[in-house]
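**Q** First, the structure itself, so that you have it in front of you.
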Amino acid sequence: MTTLPLSFQPTRNNTPIEVDATAVARELGLDVAVFRQLMDAEKITVLCERGTGEDEGTWRVSFYHAGHRARFVVDAQGQILDTPAAS
């Protein structure tokens, strides 16, 4: 798995969550190398939302680029638990 460490520490112990870059690139319709270049150039926006209540311990991570969105529900280890519909 090619993982992409997110640039923020959304967990309480400040451990970064790593998400599979291949899955994100695929959902955005991009090659992994192009996706990484766009991330490095800050051309992809990332929004991370922490789950509460029954969703405690999970995060919804959304990646936005050129009018497209890839959204994933992940656990603290970055394992993808759910891939809501991309748009």
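Each chain in the structure tokens gets a letter, A, B and so on, in the order shown; residues start at 1 in every chain, and ligands are counted from 1 in the order they appear.
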DSSP on the backbone, then: every residue of region 50-86 of chain A marked strand (DSSP E), written as a list in words.
**A**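 Checking each residue of region 50-86 of chain A, the strand (DSSP E) ones are Arg50, Thr58, Trp59, Arg60, Val61, Ser62, Phe63, Tyr64, His65, His68, Arg69, Ala70, Arg71, Phe72, Val73, Val74, Asp75, Ile80, Leu81 and Asp82 of chain A.
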**Q** I'd like the neighbourhood of Phe35 (chain A) as a list in words, where a residue qualifies if any of its atoms comes within 12 Å (using only C-alpha atoms), though same-chain residues fewer than 3 positions away should be ignored.
**A**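 So, after excluding close chain neighbours, the residues are Thr2, Thr3, Leu4, Asp20, Ala21, Thr22, Ala23, Val24, Ala25, Arg26, Glu27, Leu28, Gly29, Leu30, Asp31, Val32, Leu38, Met39, Asp40, Ala41, Glu42, Lys43, Ile44, Thr45, Phe63, Tyr64, His65 and Ala66 of chain A.
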**Q** Identify, on the basis of only C-alpha atoms, every residue whose closest approach to Cys48 (chain A) does not exceed 7 Å; exclude the query and any residue fewer than 2 positions from it along the same chain; express the result as a VMD selection string.
**A** chain A and resid 46 50 59 to 62
**Q** Between CA of Gly67 (chain A) and CA of Pro16 (chain A), what distance in Å does the model show, to one decimal?
**A**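 Computed distance, CA of Gly67 (chain A) to CA of Pro16 (chain A), equals 26.3 Å.
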**Q** What is the distance between CA of Gly57 (chain A) and CA of Thr83 (chain A), in Å to one decimal?
**A**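 Value for the CA of Gly57 (chain A)-CA of Thr83 (chain A) distance: 16.5 Å.
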**Q** Just asking: which residues within region 4-75 of chain A are helix (DSSP H, G or I) according to DSSP, as a list in words?
**A**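 Selecting the helix (DSSP H, G or I) positions of region 4-75 of chain A gives Ala21, Thr22, Ala23, Val24, Ala25, Arg26, Glu27, Leu28, Val32, Ala33, Val34, Phe35, Arg36, Gln37, Leu38, Met39, Asp40, Gly53, Glu54 and Asp55 of chain A.
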**Q** Provide the CA of Thr58 (chain A) to CA of Ala33 (chain A) distance in Å, to one decimal place.
**A**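 Atom-to-atom, CA of Thr58 (chain A) and CA of Ala33 (chain A) are spaced 27.3 Å apart.
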**Q** Excluding Asp75 (chain A) and any residue of its chain fewer than 3 positions from it, enumerate the residues within 10 Å of it, using only C-alpha atoms, and give them as a list of chain:residue names.
**A**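 Neighbouring residues, sequence-local ones excluded: A:Ile17, A:Glu18, A:Val19, A:Arg50, A:Gly51, A:Asp55, A:Glu56, A:Gly57, A:Thr58, A:Trp59, A:Arg60, A:Phe72, A:Gly78, A:Gln79, A:Ile80, A:Leu81, A:Asp82.
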